[in-house]
file protein-v7.cif (mmCIF, C-alpha atoms, pLDDT in the B column; chains and numbers go by the auth columns)
data_my_file
#
loop_
_atom_site.group_PDB
_atom_site.id
_atom_site.type_symbol
_atom_site.label_atom_id
_atom_site.label_comp_id
_atom_site.label_asym_id
_atom_site.label_seq_id
_atom_site.Cartn_x
_atom_site.Cartn_y
_atom_site.Cartn_z
_atom_site.B_iso_or_equiv
_atom_site.auth_seq_id
_atom_site.auth_asym_id
ATOM 1 C CA MET A 1 61.381 140.539 -86.449 59.00 4 A
ATOM 2 C CA THR A 2 62.319 139.682 -90.030 65.00 5 A
ATOM 3 C CA ASP A 3 64.898 142.391 -90.781 76.00 6 A
ATOM 4 C CA ASN A 4 67.820 140.729 -92.602 85.00 7 A
ATOM 5 C CA MET A 5 66.794 137.326 -91.214 94.00 8 A
ATOM 6 C CA ILE A 6 68.111 134.240 -93.004 97.00 9 A
ATOM 7 C CA ILE A 7 66.734 130.847 -91.979 98.00 10 A
ATOM 8 C CA THR A 8 68.145 127.567 -93.261 98.00 11 A
ATOM 9 C CA ILE A 9 66.338 124.253 -92.976 98.00 12 A
ATOM 10 C CA SER A 10 68.118 120.907 -93.218 96.00 13 A
ATOM 11 C CA ARG A 11 66.012 117.788 -92.887 96.00 14 A
ATOM 12 C CA GLU A 12 65.822 114.038 -92.854 95.00 15 A
ATOM 13 C CA TYR A 13 63.732 112.536 -95.615 92.00 16 A
ATOM 14 C CA GLY A 14 60.080 112.139 -94.767 92.00 17 A
ATOM 15 C CA THR A 15 59.973 114.643 -91.909 94.00 18 A
ATOM 16 C CA GLY A 16 58.028 117.396 -93.681 94.00 19 A
ATOM 17 C CA GLY A 17 61.036 119.714 -93.561 95.00 20 A
ATOM 18 C CA ARG A 18 60.105 121.360 -96.844 94.00 21 A
ATOM 19 C CA GLU A 19 56.587 122.036 -95.550 95.00 22 A
ATOM 20 C CA VAL A 20 58.032 123.418 -92.316 97.00 23 A
ATOM 21 C CA GLY A 21 60.136 125.811 -94.375 97.00 24 A
ATOM 22 C CA LYS A 22 57.196 126.925 -96.532 97.00 25 A
ATOM 23 C CA LYS A 23 54.885 127.523 -93.582 97.00 26 A
ATOM 24 C CA LEU A 24 57.628 129.315 -91.669 97.00 27 A
ATOM 25 C CA ALA A 25 58.215 131.672 -94.593 97.00 28 A
ATOM 26 C CA GLU A 26 54.465 132.295 -94.892 97.00 29 A
ATOM 27 C CA ARG A 27 54.113 133.029 -91.179 96.00 30 A
ATOM 28 C CA LEU A 28 57.033 135.446 -91.281 96.00 31 A
ATOM 29 C CA GLY A 29 56.036 136.989 -94.603 96.00 32 A
ATOM 30 C CA ILE A 30 59.440 136.385 -96.172 96.00 33 A
ATOM 31 C CA ALA A 31 60.741 134.673 -99.312 96.00 34 A
ATOM 32 C CA TYR A 32 61.058 130.889 -99.571 96.00 35 A
ATOM 33 C CA TYR A 33 63.660 129.071 -101.670 95.00 36 A
ATOM 34 C CA ASP A 34 64.096 125.413 -102.482 91.00 37 A
ATOM 35 C CA ARG A 35 64.068 124.262 -106.099 85.00 38 A
ATOM 36 C CA GLU A 36 64.163 127.918 -107.134 87.00 39 A
ATOM 37 C CA ILE A 37 67.883 127.748 -106.340 88.00 40 A
ATOM 38 C CA ILE A 38 68.326 125.089 -109.033 85.00 41 A
ATOM 39 C CA ALA A 39 66.198 127.008 -111.562 85.00 42 A
ATOM 40 C CA ARG A 40 68.225 130.199 -111.056 86.00 43 A
ATOM 41 C CA ALA A 41 71.556 128.379 -111.142 85.00 44 A
ATOM 42 C CA ALA A 42 70.568 126.551 -114.333 84.00 45 A
ATOM 43 C CA LYS A 43 69.503 129.779 -116.026 85.00 46 A
ATOM 44 C CA LYS A 44 72.697 131.568 -115.027 84.00 47 A
ATOM 45 C CA THR A 45 75.125 128.796 -115.999 82.00 48 A
ATOM 46 C CA GLY A 46 73.397 127.304 -119.014 84.00 49 A
ATOM 47 C CA PHE A 47 73.445 123.838 -117.433 79.00 50 A
ATOM 48 C CA SER A 48 70.118 122.019 -117.356 78.00 51 A
ATOM 49 C CA GLU A 49 68.036 121.681 -114.199 77.00 52 A
ATOM 50 C CA GLU A 50 68.231 117.907 -114.700 77.00 53 A
ATOM 51 C CA LEU A 51 72.008 118.096 -114.341 76.00 54 A
ATOM 52 C CA PHE A 52 71.644 119.905 -111.011 73.00 55 A
ATOM 53 C CA ASP A 53 69.138 117.263 -109.952 71.00 56 A
ATOM 54 C CA GLN A 54 71.718 114.570 -110.683 70.00 57 A
ATOM 55 C CA LEU A 55 74.173 116.356 -108.414 66.00 58 A
ATOM 56 C CA ASP A 56 71.532 116.724 -105.712 59.00 59 A
ATOM 57 C CA LYS A 57 70.328 113.107 -105.900 59.00 60 A
ATOM 58 C CA ARG A 58 73.553 111.270 -106.648 55.00 61 A
ATOM 59 C CA ALA A 59 73.474 107.835 -104.987 40.00 62 A
ATOM 60 C CA THR A 60 75.857 107.498 -102.061 41.00 63 A
ATOM 61 C CA ASN A 61 77.603 104.359 -103.254 43.00 64 A
ATOM 62 C CA SER A 62 78.519 106.107 -106.516 47.00 65 A
ATOM 63 C CA PHE A 63 79.045 109.641 -105.222 47.00 66 A
ATOM 64 C CA LEU A 64 82.851 109.680 -105.097 48.00 67 A
ATOM 65 C CA TYR A 65 82.952 107.756 -108.364 43.00 68 A
ATOM 66 C CA SER A 66 80.734 110.435 -109.873 49.00 69 A
ATOM 67 C CA LEU A 67 83.274 113.103 -108.991 47.00 70 A
ATOM 68 C CA THR A 68 85.469 111.704 -111.739 45.00 71 A
ATOM 69 C CA MET A 69 82.964 110.194 -114.176 43.00 72 A
ATOM 70 C CA PHE A 70 80.068 112.654 -113.907 48.00 73 A
ATOM 71 C CA GLY A 71 82.451 115.460 -113.001 48.00 74 A
ATOM 72 C CA SER A 72 85.304 115.310 -115.472 49.00 75 A
ATOM 73 C CA THR A 73 87.687 118.248 -115.201 48.00 76 A
ATOM 74 C CA GLY A 74 86.825 121.239 -117.355 51.00 77 A
ATOM 75 C CA SER A 75 88.967 124.024 -118.788 49.00 78 A
ATOM 76 C CA ASN A 76 88.878 125.885 -115.463 58.00 79 A
ATOM 77 C CA GLY A 77 90.413 122.930 -113.643 65.00 80 A
ATOM 78 C CA MET A 78 87.243 122.097 -111.701 73.00 81 A
ATOM 79 C CA THR A 79 85.064 119.032 -112.043 75.00 82 A
ATOM 80 C CA LEU A 80 81.559 119.561 -113.381 76.00 83 A
ATOM 81 C CA THR A 81 80.265 118.441 -109.986 79.00 84 A
ATOM 82 C CA ASP A 82 82.160 121.215 -108.246 82.00 85 A
ATOM 83 C CA GLN A 83 81.076 123.778 -110.844 83.00 86 A
ATOM 84 C CA LEU A 84 77.438 122.905 -110.221 84.00 87 A
ATOM 85 C CA PHE A 85 77.883 123.109 -106.465 88.00 88 A
ATOM 86 C CA LEU A 86 79.621 126.494 -106.686 91.00 89 A
ATOM 87 C CA ALA A 87 76.886 127.788 -109.004 89.00 90 A
ATOM 88 C CA GLN A 88 74.295 126.869 -106.372 91.00 91 A
ATOM 89 C CA CYS A 89 76.401 128.534 -103.668 94.00 92 A
ATOM 90 C CA LYS A 90 76.474 131.769 -105.647 94.00 93 A
ATOM 91 C CA ILE A 91 72.683 131.798 -106.012 93.00 94 A
ATOM 92 C CA ILE A 92 72.213 131.008 -102.321 95.00 95 A
ATOM 93 C CA ARG A 93 74.343 134.020 -101.375 96.00 96 A
ATOM 94 C CA GLU A 94 72.493 136.214 -103.868 95.00 97 A
ATOM 95 C CA VAL A 95 69.056 135.389 -102.469 95.00 98 A
ATOM 96 C CA ALA A 96 70.351 135.845 -98.921 96.00 99 A
ATOM 97 C CA ASP A 97 71.683 139.283 -99.897 95.00 100 A
ATOM 98 C CA ASP A 98 68.341 140.170 -101.503 94.00 101 A
ATOM 99 C CA GLY A 99 66.487 140.080 -98.194 95.00 102 A
ATOM 100 C CA PRO A 100 65.057 137.912 -95.422 96.00 103 A
ATOM 101 C CA CYS A 101 64.260 134.374 -96.537 97.00 104 A
ATOM 102 C CA VAL A 102 63.967 130.688 -95.717 98.00 105 A
ATOM 103 C CA ILE A 103 66.263 128.335 -97.666 97.00 106 A
ATOM 104 C CA VAL A 104 65.741 124.569 -97.611 96.00 107 A
ATOM 105 C CA GLY A 105 68.667 122.189 -98.079 93.00 108 A
ATOM 106 C CA ARG A 106 71.645 122.596 -100.451 92.00 109 A
ATOM 107 C CA CYS A 107 74.169 123.067 -97.612 94.00 110 A
ATOM 108 C CA ALA A 108 72.822 126.608 -97.140 96.00 111 A
ATOM 109 C CA ASP A 109 73.789 126.656 -93.448 97.00 112 A
ATOM 110 C CA HIS A 110 77.433 126.118 -94.425 96.00 113 A
ATOM 111 C CA VAL A 111 77.373 128.346 -97.528 97.00 114 A
ATOM 112 C CA LEU A 112 76.013 131.233 -95.421 97.00 115 A
ATOM 113 C CA ARG A 113 78.109 130.489 -92.312 95.00 116 A
ATOM 114 C CA GLU A 114 79.587 133.994 -92.274 95.00 117 A
ATOM 115 C CA TYR A 115 76.160 135.678 -92.206 95.00 118 A
ATOM 116 C CA PRO A 116 75.572 136.782 -88.593 92.00 119 A
ATOM 117 C CA ASN A 117 71.805 137.084 -89.107 92.00 120 A
ATOM 118 C CA ARG A 118 71.415 133.370 -89.894 96.00 121 A
ATOM 119 C CA TYR A 119 69.405 130.741 -88.007 98.00 122 A
ATOM 120 C CA ASP A 120 69.963 127.069 -88.799 98.00 123 A
ATOM 121 C CA PHE A 121 67.472 124.295 -88.025 98.00 124 A
ATOM 122 C CA PHE A 122 67.540 120.541 -88.534 98.00 125 A
ATOM 123 C CA ILE A 123 64.229 118.706 -88.864 98.00 126 A
ATOM 124 C CA HIS A 124 64.229 115.036 -87.910 97.00 127 A
ATOM 125 C CA GLY A 125 61.818 112.309 -86.846 95.00 128 A
ATOM 126 C CA ASP A 126 61.516 108.693 -85.815 93.00 129 A
ATOM 127 C CA LEU A 127 61.432 106.033 -88.508 92.00 130 A
ATOM 128 C CA GLU A 128 57.802 105.024 -87.985 92.00 131 A
ATOM 129 C CA ALA A 129 56.490 108.590 -88.339 92.00 132 A
ATOM 130 C CA ARG A 130 58.583 109.193 -91.439 92.00 133 A
ATOM 131 C CA ILE A 131 57.426 105.978 -93.106 90.00 134 A
ATOM 132 C CA HIS A 132 53.814 106.929 -92.410 89.00 135 A
ATOM 133 C CA ARG A 133 54.362 110.367 -93.915 89.00 136 A
ATOM 134 C CA ILE A 134 55.915 109.206 -97.182 87.00 137 A
ATOM 135 C CA GLN A 135 53.161 106.615 -97.567 85.00 138 A
ATOM 136 C CA THR A 136 50.348 109.129 -97.075 85.00 139 A
ATOM 137 C CA CYS A 137 51.802 112.277 -98.629 79.00 140 A
ATOM 138 C CA GLY A 138 52.207 112.600 -102.395 67.00 141 A
ATOM 139 C CA ASP A 139 55.365 114.723 -102.224 69.00 142 A
ATOM 140 C CA TYR A 140 57.809 111.857 -101.764 70.00 143 A
ATOM 141 C CA GLU A 141 59.541 109.438 -104.141 68.00 144 A
ATOM 142 C CA ILE A 142 59.639 105.742 -103.264 68.00 145 A
ATOM 143 C CA SER A 143 60.528 104.428 -106.748 65.00 146 A
ATOM 144 C CA GLY A 144 59.446 100.829 -106.192 64.00 147 A
ATOM 145 C CA LYS A 145 61.537 100.394 -103.056 74.00 148 A
ATOM 146 C CA THR A 146 60.154 99.854 -99.574 84.00 149 A
ATOM 147 C CA PRO A 147 59.488 103.075 -97.636 84.00 150 A
ATOM 148 C CA GLN A 148 62.289 102.266 -95.194 88.00 151 A
ATOM 149 C CA ALA A 149 64.753 101.637 -98.024 87.00 152 A
ATOM 150 C CA ALA A 150 63.738 104.945 -99.643 84.00 153 A
ATOM 151 C CA LEU A 151 64.320 106.788 -96.368 88.00 154 A
ATOM 152 C CA GLU A 152 67.704 105.196 -95.808 89.00 155 A
ATOM 153 C CA LYS A 153 68.830 105.899 -99.373 85.00 156 A
ATOM 154 C CA MET A 154 67.802 109.553 -99.341 87.00 157 A
ATOM 155 C CA ASP A 155 69.275 110.212 -95.912 91.00 158 A
ATOM 156 C CA LYS A 156 72.539 108.619 -97.004 89.00 159 A
ATOM 157 C CA GLN A 157 72.629 110.720 -100.164 86.00 160 A
ATOM 158 C CA ARG A 158 72.020 113.919 -98.234 88.00 161 A
ATOM 159 C CA SER A 159 74.584 113.110 -95.553 91.00 162 A
ATOM 160 C CA THR A 160 77.270 112.149 -98.083 88.00 163 A
ATOM 161 C CA TYR A 161 76.674 115.280 -100.153 88.00 164 A
ATOM 162 C CA TYR A 162 76.667 117.531 -97.087 91.00 165 A
ATOM 163 C CA ASN A 163 79.672 115.899 -95.426 91.00 166 A
ATOM 164 C CA TYR A 164 81.715 116.018 -98.635 88.00 167 A
ATOM 165 C CA TYR A 165 81.128 119.697 -99.390 89.00 168 A
ATOM 166 C CA THR A 166 81.120 121.099 -95.857 92.00 169 A
ATOM 167 C CA GLY A 167 83.619 118.929 -93.999 92.00 170 A
ATOM 168 C CA LYS A 168 81.012 118.642 -91.231 93.00 171 A
ATOM 169 C CA VAL A 169 78.654 115.879 -90.127 94.00 172 A
ATOM 170 C CA TRP A 170 75.088 116.178 -91.423 94.00 173 A
ATOM 171 C CA GLY A 171 72.543 116.228 -88.617 94.00 174 A
ATOM 172 C CA LYS A 172 75.052 116.734 -85.799 95.00 175 A
ATOM 173 C CA CYS A 173 73.297 118.986 -83.311 93.00 176 A
ATOM 174 C CA ASP A 174 76.134 121.434 -82.684 92.00 177 A
ATOM 175 C CA HIS A 175 75.958 122.616 -86.332 91.00 178 A
ATOM 176 C CA TYR A 176 72.448 124.006 -85.845 97.00 179 A
ATOM 177 C CA ASP A 177 70.595 126.445 -83.636 97.00 180 A
ATOM 178 C CA LEU A 178 67.987 123.810 -82.926 97.00 181 A
ATOM 179 C CA CYS A 179 67.056 120.257 -83.935 97.00 182 A
ATOM 180 C CA VAL A 180 63.293 119.763 -84.054 98.00 183 A
ATOM 181 C CA ASN A 181 61.547 116.376 -83.939 97.00 184 A
ATOM 182 C CA ALA A 182 58.739 117.035 -86.412 96.00 185 A
ATOM 183 C CA GLY A 183 57.890 113.348 -86.407 93.00 186 A
ATOM 184 C CA ARG A 184 56.752 113.744 -82.826 94.00 187 A
ATOM 185 C CA ILE A 185 55.098 117.174 -82.802 96.00 188 A
ATOM 186 C CA GLY A 186 54.077 117.628 -86.435 95.00 189 A
ATOM 187 C CA VAL A 187 54.729 120.355 -88.986 95.00 190 A
ATOM 188 C CA ASP A 188 52.654 123.184 -87.512 97.00 191 A
ATOM 189 C CA LYS A 189 54.017 122.822 -83.987 98.00 192 A
ATOM 190 C CA SER A 190 57.537 122.573 -85.413 98.00 193 A
ATOM 191 C CA VAL A 191 56.960 125.962 -87.024 98.00 194 A
ATOM 192 C CA ASP A 192 55.728 127.278 -83.650 98.00 195 A
ATOM 193 C CA VAL A 193 58.861 125.999 -81.894 98.00 196 A
ATOM 194 C CA ILE A 194 61.148 127.624 -84.459 98.00 197 A
ATOM 195 C CA MET A 195 59.230 130.914 -84.230 97.00 198 A
ATOM 196 C CA HIS A 196 59.497 130.887 -80.420 97.00 199 A
ATOM 197 C CA TYR A 197 63.209 130.132 -80.606 97.00 200 A
ATOM 198 C CA ILE A 198 63.956 132.976 -83.014 96.00 201 A
ATOM 199 C CA ASP A 199 61.826 135.368 -80.976 94.00 202 A
ATOM 200 C CA ALA A 200 63.673 134.392 -77.775 95.00 203 A
ATOM 201 C CA VAL A 201 67.082 134.915 -79.388 94.00 204 A
ATOM 202 C CA ARG A 202 66.173 138.292 -80.843 87.00 205 A
ATOM 203 C CA LYS A 203 64.670 139.752 -77.661 82.00 206 A
#

call {"tool": "encode", "arguments": {"input": "protein-v7.cif", "output": "structure tokens"}}
result
Amino acid sequence: MTDNMIITISREYGTGGREVGKKLAERLGIAYYDREIIARAAKKTGFSEELFDQLDKRATNSFLYSLTMFGSTGSNGMTLTDQLFLAQCKIIREVADDGPCVIVGRCADHVLREYPNRYDFFIHGDLEARIHRIQTCGDYEISGKTPQAALEKMDKQRSTYYNYYTGKVWGKCDHYDLCVNAGRIGVDKSVDVIMHYIDAVRK
């Protein structure tokens, strides 16, 4: 079932999308990539991981501004922002070429759009379930803001980043194989749904 399989996971903040990706990779016995993409890209380019984090977490209201200030044009004619994005893209393609894997975030569905063995999933959830999750799970950043404000900020960052670099609309259902409401059915059942979907397609 896992021969040459590439699975990408996009997710709203607070839905457990990262956990869905990890458990899916474990169930399938394949590699899992999230922050490893940043670590590899940093090592290969010489840029710090913190710099990649700034690109990944750039606030929406300053994102386009950052393309000129944070991303001043280098000797190759590209902004630093674009260089960091392209470095991540290269690593994403390398890990996809290495073998079957699950990749979370980083526009991987778009970067790997020409890979025929790819399955793209979007994990979402209702506001109440997401607020409960970020309040009870230690994996999320609230940074002094209200949980709802944190959710709105992170979702806006992700959508702006994705929309800018892909030319598509983040979370729009026709960009994905399946959109799964993890807020309603939970992480484990979301993994089950994705497994059933892939199995049905491959039969």

call {"tool": "resolve_selection", "arguments": {"input": "protein-v7.cif", "expression": "the PyMOL selection byres ((chain A and resi 39-55) around 12)", "output": "ChimeraX atom specification"}}
result
/A:34-38,56-61,73-74,83-99,105-111

call {"tool": "write_last_selection", "arguments": {"input": "protein-v7.cif", "atoms": "C-alpha atoms", "output": "PDB file, keeping the file's coordinate frame"}}
result
ATOM      1  CA  ALA A  34      60.741 134.673 -99.312  1.00 96.00           C
ATOM      2  CA  TYR A  35      61.058 130.889 -99.571  1.00 96.00           C
ATOM      3  CA  TYR A  36      63.660 129.071-101.670  1.00 95.00           C
ATOM      4  CA  ASP A  37      64.096 125.413-102.482  1.00 91.00           C
ATOM      5  CA  ARG A  38      64.068 124.262-106.099  1.00 85.00           C
ATOM      6  CA  ASP A  56      69.138 117.263-109.952  1.00 71.00           C
ATOM      7  CA  GLN A  57      71.718 114.570-110.683  1.00 70.00           C
ATOM      8  CA  LEU A  58      74.173 116.356-108.414  1.00 66.00           C
ATOM      9  CA  ASP A  59      71.532 116.724-105.712  1.00 59.00           C
ATOM     10  CA  LYS A  60      70.328 113.107-105.900  1.00 59.00           C
ATOM     11  CA  ARG A  61      73.553 111.270-106.648  1.00 55.00           C
ATOM     12  CA  PHE A  73      80.068 112.654-113.907  1.00 48.00           C
ATOM     13  CA  GLY A  74      82.451 115.460-113.001  1.00 48.00           C
ATOM     14  CA  LEU A  83      81.559 119.561-113.381  1.00 76.00           C
ATOM     15  CA  THR A  84      80.265 118.441-109.986  1.00 79.00           C
ATOM     16  CA  ASP A  85      82.160 121.215-108.246  1.00 82.00           C
ATOM     17  CA  GLN A  86      81.076 123.778-110.844  1.00 83.00           C
ATOM     18  CA  LEU A  87      77.438 122.905-110.221  1.00 84.00           C
ATOM     19  CA  PHE A  88      77.883 123.109-106.465  1.00 88.00           C
ATOM     20  CA  LEU A  89      79.621 126.494-106.686  1.00 91.00           C
ATOM     21  CA  ALA A  90      76.886 127.788-109.004  1.00 89.00           C
ATOM     22  CA  GLN A  91      74.295 126.869-106.372  1.00 91.00           C
ATOM     23  CA  CYS A  92      76.401 128.534-103.668  1.00 94.00           C
ATOM     24  CA  LYS A  93      76.474 131.769-105.647  1.00 94.00           C
ATOM     25  CA  ILE A  94      72.683 131.798-106.012  1.00 93.00           C
ATOM     26  CA  ILE A  95      72.213 131.008-102.321  1.00 95.00           C
ATOM     27  CA  ARG A  96      74.343 134.020-101.375  1.00 96.00           C
ATOM     28  CA  GLU A  97      72.493 136.214-103.868  1.00 95.00           C
ATOM     29  CA  VAL A  98      69.056 135.389-102.469  1.00 95.00           C
ATOM     30  CA  ALA A  99      70.351 135.845 -98.921  1.00 96.00           C
ATOM     31  CA  VAL A 105      63.967 130.688 -95.717  1.00 98.00           C
ATOM     32  CA  ILE A 106      66.263 128.335 -97.666  1.00 97.00           C
ATOM     33  CA  VAL A 107      65.741 124.569 -97.611  1.00 96.00           C
ATOM     34  CA  GLY A 108      68.667 122.189 -98.079  1.00 93.00           C
ATOM     35  CA  ARG A 109      71.645 122.596-100.451  1.00 92.00           C
ATOM     36  CA  CYS A 110      74.169 123.067 -97.612  1.00 94.00           C
ATOM     37  CA  ALA A 111      72.822 126.608 -97.140  1.00 96.00           C
TER      38      ALA A 111
END

call {"tool": "closest_residue", "arguments": {"input": "protein-v7.cif", "among": "A:Ala28, A:Val172, A:Leu181, A:Leu130", "to": "Tyr16 of chain A", "atoms": "all atoms listed in the file"}}
result
A:Leu130

call {"tool": "atom_distance", "arguments": {"input": "protein-v7.cif", "atom1": "atom CA of Thr149 of chain A", "atom2": "atom CA of Lys25 of chain A"}}
result
27.4 Å

call {"tool": "closest_residue", "arguments": {"input": "protein-v7.cif", "among": "A:Asn7, A:Ser13, A:Gln151, A:Asn184", "to": "Phe125 of chain A", "atoms": "only C-alpha atoms"}}
result
A:Ser13

call {"tool": "closest_residue", "arguments": {"input": "protein-v7.cif", "among": "A:Asp112, A:Asp6, A:Asp202, A:Asp158", "to": "Ile33 of chain A", "atoms": "all atoms listed in the file"}}
result
A:Asp6

call {"tool": "closest_residue", "arguments": {"input": "protein-v7.cif", "among": "A:Arg205, A:Arg187, A:Arg136, A:Lys171", "to": "Met8 of chain A", "atoms": "only C-alpha atoms"}}
result
A:Arg205

call {"tool": "atom_distance", "arguments": {"input": "protein-v7.cif", "atom1": "atom CA of Trp173 of chain A", "atom2": "atom CA of Arg161 of chain A"}}
result
7.8 Å

call {"tool": "atom_distance", "arguments": {"input": "protein-v7.cif", "atom1": "atom CA of Leu154 of chain A", "atom2": "atom CA of Glu22 of chain A"}}
result
17.1 Å

call {"tool": "resolve_selection", "arguments": {"input": "protein-v7.cif", "expression": "the PyMOL selection byres ((chain A and resi 200) around 12)", "output": "list in words"}}
result
Ile10, Tyr122, Asp123, Phe124, Asp180, Leu181, Cys182, Val183, Ser193, Val194, Asp195, Val196, Ile197, Met198, His199, Ile201, Asp202, Ala203, Val204, Arg205 and Lys206 of chain A

call {"tool": "write_last_selection", "arguments": {"input": "protein-v7.cif", "atoms": "C-alpha atoms", "output": "tab-separated table (two decimals), in the frame of the given file"}}
result
chain	number	residue	atom	x	y	z
A	10	ILE	CA	66.73	130.85	-91.98
A	122	TYR	CA	69.40	130.74	-88.01
A	123	ASP	CA	69.96	127.07	-88.80
A	124	PHE	CA	67.47	124.30	-88.02
A	180	ASP	CA	70.60	126.44	-83.64
A	181	LEU	CA	67.99	123.81	-82.93
A	182	CYS	CA	67.06	120.26	-83.94
A	183	VAL	CA	63.29	119.76	-84.05
A	193	SER	CA	57.54	122.57	-85.41
A	194	VAL	CA	56.96	125.96	-87.02
A	195	ASP	CA	55.73	127.28	-83.65
A	196	VAL	CA	58.86	126.00	-81.89
A	197	ILE	CA	61.15	127.62	-84.46
A	198	MET	CA	59.23	130.91	-84.23
A	199	HIS	CA	59.50	130.89	-80.42
A	201	ILE	CA	63.96	132.98	-83.01
A	202	ASP	CA	61.83	135.37	-80.98
A	203	ALA	CA	63.67	134.39	-77.78
A	204	VAL	CA	67.08	134.92	-79.39
A	205	ARG	CA	66.17	138.29	-80.84
A	206	LYS	CA	64.67	139.75	-77.66

call {"tool": "closest_residue", "arguments": {"input": "protein-v7.cif", "among": "A:Gly19, A:His135, A:Asp100, A:Val114", "to": "Tyr168 of chain A", "atoms": "all atoms listed in the file"}}
result
A:Val114

call {"tool": "build_atoms", "arguments": {"input": "protein-v7.cif", "residues": "segment 16-28 of chain A", "atoms": "N, CA and C atoms", "output": "mmCIF file, in the frame of the given file"}}
result
data_model
loop_
_atom_site.group_PDB
_atom_site.id
_atom_site.type_symbol
_atom_site.label_atom_id
_atom_site.label_comp_id
_atom_site.auth_asym_id
_atom_site.auth_seq_id
_atom_site.Cartn_x
_atom_site.Cartn_y
_atom_site.Cartn_z
ATOM 1 N N TYR A 16 64.779 112.821 -94.646
ATOM 2 C CA TYR A 16 63.732 112.536 -95.615
ATOM 3 C C TYR A 16 62.472 112.045 -94.903
ATOM 4 N N GLY A 17 61.343 112.581 -95.326
ATOM 5 C CA GLY A 17 60.080 112.139 -94.767
ATOM 6 C C GLY A 17 59.658 112.831 -93.491
ATOM 7 N N THR A 18 60.308 113.936 -93.149
ATOM 8 C CA THR A 18 59.973 114.643 -91.909
ATOM 9 C C THR A 18 59.057 115.837 -92.129
ATOM 10 N N GLY A 19 58.822 116.201 -93.398
ATOM 11 C CA GLY A 19 58.028 117.396 -93.681
ATOM 12 C C GLY A 19 58.846 118.667 -93.577
ATOM 13 N N GLY A 20 60.166 118.543 -93.688
ATOM 14 C CA GLY A 20 61.036 119.714 -93.561
ATOM 15 C C GLY A 20 60.759 120.802 -94.580
ATOM 16 N N ARG A 21 60.434 120.373 -95.809
ATOM 17 C CA ARG A 21 60.105 121.360 -96.844
ATOM 18 C C ARG A 21 58.827 122.116 -96.474
ATOM 19 N N GLU A 22 57.842 121.399 -95.960
ATOM 20 C CA GLU A 22 56.587 122.036 -95.550
ATOM 21 C C GLU A 22 56.814 122.958 -94.356
ATOM 22 N N VAL A 23 57.675 122.549 -93.449
ATOM 23 C CA VAL A 23 58.032 123.418 -92.316
ATOM 24 C C VAL A 23 58.613 124.724 -92.844
ATOM 25 N N GLY A 24 59.519 124.619 -93.800
ATOM 26 C CA GLY A 24 60.136 125.811 -94.375
ATOM 27 C C GLY A 24 59.134 126.722 -95.053
ATOM 28 N N LYS A 25 58.213 126.127 -95.832
ATOM 29 C CA LYS A 25 57.196 126.925 -96.532
ATOM 30 C C LYS A 25 56.288 127.650 -95.543
ATOM 31 N N LYS A 26 55.810 126.917 -94.545
ATOM 32 C CA LYS A 26 54.885 127.523 -93.582
ATOM 33 C C LYS A 26 55.592 128.576 -92.730
ATOM 34 N N LEU A 27 56.847 128.332 -92.432
ATOM 35 C CA LEU A 27 57.628 129.315 -91.669
ATOM 36 C C LEU A 27 57.772 130.611 -92.456
ATOM 37 N N ALA A 28 58.081 130.484 -93.743
ATOM 38 C CA ALA A 28 58.215 131.672 -94.593
ATOM 39 C C ALA A 28 56.888 132.420 -94.694
#
